[in-house]
Amino acid sequence: MITELALLRLLPGSAPAFERAFASVAPLLAGADGCLRYRLVPTLDDPDVYLLEVVWRDLAAHTQGFEPSDAHARFMAPLEPMLLSEPIVMHLPAGEPS
């Protein structure tokens with residue numbers, strides 16, 4: 001398993017609309033082959049910054065499966081107009097909590 005972390009910076013004031021749009025396309029992410037679970041979390045530091053955490057079966061499920069897919073394009077389409085910049089994406093190895 002691997003964890004994808006995506007830092008999402010939104011246009012100021014767009015958080016409520018972003019959350020509604022995300023809820024409408026979340027089934028595309030949840031239904032992706034290899035997606036084990038996800039959560040979208042608003043940061044406490046800035047109301048216009050969110051963290052998307054997705055646990056994937058493996059890196060290929062995300063980068064070779066979901067990323068180039070039509071489902072990913074449909075997932076991102078309603079979200080992109082509310083993003084201030086490209087998401088910052090990192091992949092972390094799954095590990096046991098300390």
# chains A, B, ... in the order shown; residues from 1 in each chain; ligands from 1
call {"tool": "residues_around", "arguments": {"residues": "segment 71-78 of chain A", "least_positions_apart": "2", "cutoff": "10 Å", "atoms": "only C-alpha atoms", "output": "PyMOL selection string"}}
result
chain A and resi 17-18+20-22+24-29+31-32+62+65-69+80-83
call {"tool": "atom_distance", "arguments": {"atom1": "atom CA of Ala61 of chain A", "atom2": "atom CA of Thr43 of chain A"}}
result
26.6 Å
call {"tool": "select_by_dssp", "arguments": {"residues": "segment 15-94 of chain A", "states": "helix (DSSP H, G or I)", "output": "PyMOL selection string"}}
result
chain A and resi 15-30+59-66+70-76+80-82
call {"tool": "residues_around", "arguments": {"residues": "Leu52 of chain A", "least_positions_apart": "4", "cutoff": "9 Å", "atoms": "only C-alpha atoms", "output": "list in words"}}
result
Glu4, Leu5, Ala6, Leu7, Leu8, Tyr38, Arg39, Leu40, Val41 and Pro42 of chain A
call {"tool": "atom_distance", "arguments": {"atom1": "atom CA of Gly13 of chain A", "atom2": "atom CA of Glu53 of chain A"}}
result
22.0 Å
call {"tool": "select_by_dssp", "arguments": {"residues": "chain A", "states": "strand (DSSP E)", "output": "PyMOL selection string"}}
result
chain A and resi 2-9+35-42+49-56+88-93
call {"tool": "atom_distance", "arguments": {"atom1": "atom CA of Gln64 of chain A", "atom2": "atom CA of Ala30 of chain A"}}
result
16.3 Å
call {"tool": "closest_residue", "arguments": {"among": "A:Ile2, A:Ala15, A:Leu84, A:Met90", "to": "Pro47 of chain A", "atoms": "only C-alpha atoms"}}
result
A:Ala15
call {"tool": "closest_residue", "arguments": {"among": "A:Arg37, A:Met1, A:Val49, A:Leu44", "to": "Ser85 of chain A", "atoms": "only C-alpha atoms"}}
result
A:Val49
call {"tool": "closest_residue", "arguments": {"among": "A:Glu19, A:His91, A:Leu79, A:Ser14", "to": "Val54 of chain A", "atoms": "only C-alpha atoms"}}
result
A:His91
call {"tool": "decode", "arguments": {"residues": "segment 38-88 of chain A", "atoms": "N, CA and C atoms", "output": "PDB file, in the first residue's frame"}}
result
ATOM      1  N   TYR A  38     -10.087   7.067   1.118  1.00  0.00           N
ATOM      2  CA  TYR A  38      -9.654   8.450   0.935  1.00  0.00           C
ATOM      3  C   TYR A  38     -10.320   9.322   1.988  1.00  0.00           C
ATOM      4  N   ARG A  39      -9.759  10.491   2.157  1.00  0.00           N
ATOM      5  CA  ARG A  39     -10.414  11.523   2.962  1.00  0.00           C
ATOM      6  C   ARG A  39      -9.949  12.882   2.485  1.00  0.00           C
ATOM      7  N   LEU A  40     -10.860  13.814   2.490  1.00  0.00           N
ATOM      8  CA  LEU A  40     -10.587  15.204   2.146  1.00  0.00           C
ATOM      9  C   LEU A  40     -10.711  15.989   3.446  1.00  0.00           C
ATOM     10  N   VAL A  41      -9.633  16.724   3.787  1.00  0.00           N
ATOM     11  CA  VAL A  41      -9.587  17.396   5.081  1.00  0.00           C
ATOM     12  C   VAL A  41      -9.252  18.878   4.887  1.00  0.00           C
ATOM     13  N   PRO A  42     -10.100  19.770   5.394  1.00  0.00           N
ATOM     14  CA  PRO A  42      -9.717  21.184   5.370  1.00  0.00           C
ATOM     15  C   PRO A  42      -8.628  21.421   6.410  1.00  0.00           C
ATOM     16  N   THR A  43      -7.668  22.278   6.089  1.00  0.00           N
ATOM     17  CA  THR A  43      -6.626  22.563   7.057  1.00  0.00           C
ATOM     18  C   THR A  43      -7.140  23.571   8.086  1.00  0.00           C
ATOM     19  N   LEU A  44      -6.559  23.530   9.266  1.00  0.00           N
ATOM     20  CA  LEU A  44      -6.923  24.475  10.317  1.00  0.00           C
ATOM     21  C   LEU A  44      -6.231  25.812  10.124  1.00  0.00           C
ATOM     22  N   ASP A  45      -5.161  25.799   9.333  1.00  0.00           N
ATOM     23  CA  ASP A  45      -4.350  26.996   9.137  1.00  0.00           C
ATOM     24  C   ASP A  45      -4.927  27.971   8.120  1.00  0.00           C
ATOM     25  N   ASP A  46      -5.643  27.438   7.131  1.00  0.00           N
ATOM     26  CA  ASP A  46      -6.122  28.278   6.031  1.00  0.00           C
ATOM     27  C   ASP A  46      -7.406  27.650   5.478  1.00  0.00           C
ATOM     28  N   PRO A  47      -8.518  28.380   5.492  1.00  0.00           N
ATOM     29  CA  PRO A  47      -9.780  27.812   5.016  1.00  0.00           C
ATOM     30  C   PRO A  47      -9.800  27.505   3.516  1.00  0.00           C
ATOM     31  N   ASP A  48      -8.803  27.973   2.806  1.00  0.00           N
ATOM     32  CA  ASP A  48      -8.732  27.738   1.366  1.00  0.00           C
ATOM     33  C   ASP A  48      -7.688  26.699   0.994  1.00  0.00           C
ATOM     34  N   VAL A  49      -7.244  25.901   1.963  1.00  0.00           N
ATOM     35  CA  VAL A  49      -6.276  24.837   1.702  1.00  0.00           C
ATOM     36  C   VAL A  49      -6.832  23.526   2.256  1.00  0.00           C
ATOM     37  N   TYR A  50      -6.833  22.517   1.404  1.00  0.00           N
ATOM     38  CA  TYR A  50      -7.316  21.181   1.770  1.00  0.00           C
ATOM     39  C   TYR A  50      -6.213  20.164   1.532  1.00  0.00           C
ATOM     40  N   LEU A  51      -6.310  19.062   2.252  1.00  0.00           N
ATOM     41  CA  LEU A  51      -5.420  17.932   2.030  1.00  0.00           C
ATOM     42  C   LEU A  51      -6.284  16.739   1.625  1.00  0.00           C
ATOM     43  N   LEU A  52      -5.951  16.162   0.485  1.00  0.00           N
ATOM     44  CA  LEU A  52      -6.606  14.935   0.043  1.00  0.00           C
ATOM     45  C   LEU A  52      -5.637  13.792   0.302  1.00  0.00           C
ATOM     46  N   GLU A  53      -6.084  12.831   1.075  1.00  0.00           N
ATOM     47  CA  GLU A  53      -5.282  11.655   1.399  1.00  0.00           C
ATOM     48  C   GLU A  53      -5.966  10.439   0.774  1.00  0.00           C
ATOM     49  N   VAL A  54      -5.234   9.722  -0.055  1.00  0.00           N
ATOM     50  CA  VAL A  54      -5.780   8.539  -0.713  1.00  0.00           C
ATOM     51  C   VAL A  54      -4.823   7.378  -0.469  1.00  0.00           C
ATOM     52  N   VAL A  55      -5.369   6.277  -0.002  1.00  0.00           N
ATOM     53  CA  VAL A  55      -4.568   5.068   0.173  1.00  0.00           C
ATOM     54  C   VAL A  55      -4.839   4.181  -1.032  1.00  0.00           C
ATOM     55  N   TRP A  56      -3.765   3.858  -1.737  1.00  0.00           N
ATOM     56  CA  TRP A  56      -3.828   3.034  -2.942  1.00  0.00           C
ATOM     57  C   TRP A  56      -3.208   1.669  -2.672  1.00  0.00           C
ATOM     58  N   ARG A  57      -3.631   0.689  -3.414  1.00  0.00           N
ATOM     59  CA  ARG A  57      -3.057  -0.659  -3.333  1.00  0.00           C
ATOM     60  C   ARG A  57      -1.553  -0.618  -3.592  1.00  0.00           C
ATOM     61  N   ASP A  58      -1.166   0.159  -4.621  1.00  0.00           N
ATOM     62  CA  ASP A  58       0.242   0.349  -4.961  1.00  0.00           C
ATOM     63  C   ASP A  58       0.358   1.609  -5.804  1.00  0.00           C
ATOM     64  N   LEU A  59       1.578   2.038  -6.053  1.00  0.00           N
ATOM     65  CA  LEU A  59       1.805   3.272  -6.807  1.00  0.00           C
ATOM     66  C   LEU A  59       1.220   3.191  -8.214  1.00  0.00           C
ATOM     67  N   ALA A  60       1.344   2.045  -8.851  1.00  0.00           N
ATOM     68  CA  ALA A  60       0.840   1.887 -10.216  1.00  0.00           C
ATOM     69  C   ALA A  60      -0.676   2.082 -10.286  1.00  0.00           C
ATOM     70  N   ALA A  61      -1.393   1.678  -9.264  1.00  0.00           N
ATOM     71  CA  ALA A  61      -2.853   1.863  -9.274  1.00  0.00           C
ATOM     72  C   ALA A  61      -3.200   3.338  -9.430  1.00  0.00           C
ATOM     73  N   HIS A  62      -2.384   4.198  -8.836  1.00  0.00           N
ATOM     74  CA  HIS A  62      -2.634   5.634  -8.961  1.00  0.00           C
ATOM     75  C   HIS A  62      -2.045   6.202 -10.245  1.00  0.00           C
ATOM     76  N   THR A  63      -0.735   6.011 -10.428  1.00  0.00           N
ATOM     77  CA  THR A  63      -0.051   6.696 -11.518  1.00  0.00           C
ATOM     78  C   THR A  63      -0.289   6.100 -12.897  1.00  0.00           C
ATOM     79  N   GLN A  64      -0.511   4.788 -12.972  1.00  0.00           N
ATOM     80  CA  GLN A  64      -0.727   4.148 -14.264  1.00  0.00           C
ATOM     81  C   GLN A  64      -2.187   3.777 -14.496  1.00  0.00           C
ATOM     82  N   GLY A  65      -2.950   3.674 -13.419  1.00  0.00           N
ATOM     83  CA  GLY A  65      -4.353   3.312 -13.535  1.00  0.00           C
ATOM     84  C   GLY A  65      -5.277   4.520 -13.520  1.00  0.00           C
ATOM     85  N   PHE A  66      -5.351   5.209 -12.390  1.00  0.00           N
ATOM     86  CA  PHE A  66      -6.315   6.306 -12.239  1.00  0.00           C
ATOM     87  C   PHE A  66      -5.896   7.579 -12.953  1.00  0.00           C
ATOM     88  N   GLU A  67      -4.642   8.003 -12.776  1.00  0.00           N
ATOM     89  CA  GLU A  67      -4.195   9.283 -13.351  1.00  0.00           C
ATOM     90  C   GLU A  67      -4.489   9.421 -14.847  1.00  0.00           C
ATOM     91  N   PRO A  68      -4.141   8.450 -15.686  1.00  0.00           N
ATOM     92  CA  PRO A  68      -4.380   8.632 -17.122  1.00  0.00           C
ATOM     93  C   PRO A  68      -5.807   8.274 -17.562  1.00  0.00           C
ATOM     94  N   SER A  69      -6.688   7.946 -16.647  1.00  0.00           N
ATOM     95  CA  SER A  69      -8.014   7.442 -17.012  1.00  0.00           C
ATOM     96  C   SER A  69      -9.031   8.553 -17.281  1.00  0.00           C
ATOM     97  N   ASP A  70     -10.076   8.175 -17.982  1.00  0.00           N
ATOM     98  CA  ASP A  70     -11.204   9.073 -18.208  1.00  0.00           C
ATOM     99  C   ASP A  70     -11.874   9.418 -16.879  1.00  0.00           C
ATOM    100  N   ALA A  71     -11.908   8.475 -15.957  1.00  0.00           N
ATOM    101  CA  ALA A  71     -12.514   8.732 -14.644  1.00  0.00           C
ATOM    102  C   ALA A  71     -11.772   9.855 -13.922  1.00  0.00           C
ATOM    103  N   HIS A  72     -10.446   9.886 -14.046  1.00  0.00           N
ATOM    104  CA  HIS A  72      -9.668  10.956 -13.415  1.00  0.00           C
ATOM    105  C   HIS A  72      -9.993  12.298 -14.060  1.00  0.00           C
ATOM    106  N   ALA A  73     -10.095  12.325 -15.370  1.00  0.00           N
ATOM    107  CA  ALA A  73     -10.443  13.573 -16.068  1.00  0.00           C
ATOM    108  C   ALA A  73     -11.814  14.065 -15.608  1.00  0.00           C
ATOM    109  N   ARG A  74     -12.774  13.160 -15.483  1.00  0.00           N
ATOM    110  CA  ARG A  74     -14.116  13.542 -15.019  1.00  0.00           C
ATOM    111  C   ARG A  74     -14.094  13.937 -13.545  1.00  0.00           C
ATOM    112  N   PHE A  75     -13.209  13.328 -12.761  1.00  0.00           N
ATOM    113  CA  PHE A  75     -13.064  13.672 -11.349  1.00  0.00           C
ATOM    114  C   PHE A  75     -12.533  15.103 -11.205  1.00  0.00           C
ATOM    115  N   MET A  76     -11.528  15.446 -11.989  1.00  0.00           N
ATOM    116  CA  MET A  76     -10.878  16.750 -11.866  1.00  0.00           C
ATOM    117  C   MET A  76     -11.651  17.892 -12.514  1.00  0.00           C
ATOM    118  N   ALA A  77     -12.447  17.607 -13.529  1.00  0.00           N
ATOM    119  CA  ALA A  77     -13.102  18.670 -14.310  1.00  0.00           C
ATOM    120  C   ALA A  77     -13.851  19.699 -13.465  1.00  0.00           C
ATOM    121  N   PRO A  78     -14.710  19.293 -12.528  1.00  0.00           N
ATOM    122  CA  PRO A  78     -15.417  20.315 -11.755  1.00  0.00           C
ATOM    123  C   PRO A  78     -14.574  20.936 -10.639  1.00  0.00           C
ATOM    124  N   LEU A  79     -13.447  20.319 -10.304  1.00  0.00           N
ATOM    125  CA  LEU A  79     -12.602  20.815  -9.222  1.00  0.00           C
ATOM    126  C   LEU A  79     -11.584  21.840  -9.706  1.00  0.00           C
ATOM    127  N   GLU A  80     -11.027  21.614 -10.882  1.00  0.00           N
ATOM    128  CA  GLU A  80      -9.946  22.461 -11.390  1.00  0.00           C
ATOM    129  C   GLU A  80     -10.277  23.944 -11.439  1.00  0.00           C
ATOM    130  N   PRO A  81     -11.505  24.357 -11.811  1.00  0.00           N
ATOM    131  CA  PRO A  81     -11.783  25.796 -11.846  1.00  0.00           C
ATOM    132  C   PRO A  81     -11.680  26.477 -10.481  1.00  0.00           C
ATOM    133  N   MET A  82     -11.709  25.699  -9.413  1.00  0.00           N
ATOM    134  CA  MET A  82     -11.632  26.281  -8.066  1.00  0.00           C
ATOM    135  C   MET A  82     -10.233  26.190  -7.461  1.00  0.00           C
ATOM    136  N   LEU A  83      -9.293  25.591  -8.192  1.00  0.00           N
ATOM    137  CA  LEU A  83      -7.926  25.467  -7.687  1.00  0.00           C
ATOM    138  C   LEU A  83      -7.109  26.706  -8.046  1.00  0.00           C
ATOM    139  N   LEU A  84      -6.399  27.218  -7.065  1.00  0.00           N
ATOM    140  CA  LEU A  84      -5.543  28.382  -7.275  1.00  0.00           C
ATOM    141  C   LEU A  84      -4.295  28.006  -8.068  1.00  0.00           C
ATOM    142  N   SER A  85      -3.843  26.766  -7.879  1.00  0.00           N
ATOM    143  CA  SER A  85      -2.641  26.282  -8.554  1.00  0.00           C
ATOM    144  C   SER A  85      -2.728  24.769  -8.678  1.00  0.00           C
ATOM    145  N   GLU A  86      -1.753  24.196  -9.368  1.00  0.00           N
ATOM    146  CA  GLU A  86      -1.699  22.743  -9.500  1.00  0.00           C
ATOM    147  C   GLU A  86      -1.568  22.121  -8.114  1.00  0.00           C
ATOM    148  N   PRO A  87      -2.237  21.011  -7.857  1.00  0.00           N
ATOM    149  CA  PRO A  87      -2.053  20.332  -6.577  1.00  0.00           C
ATOM    150  C   PRO A  87      -0.594  19.891  -6.405  1.00  0.00           C
ATOM    151  N   ILE A  88      -0.137  19.920  -5.183  1.00  0.00           N
ATOM    152  CA  ILE A  88       1.176  19.377  -4.844  1.00  0.00           C
ATOM    153  C   ILE A  88       0.923  17.951  -4.380  1.00  0.00           C
TER     154      ILE A  88
END
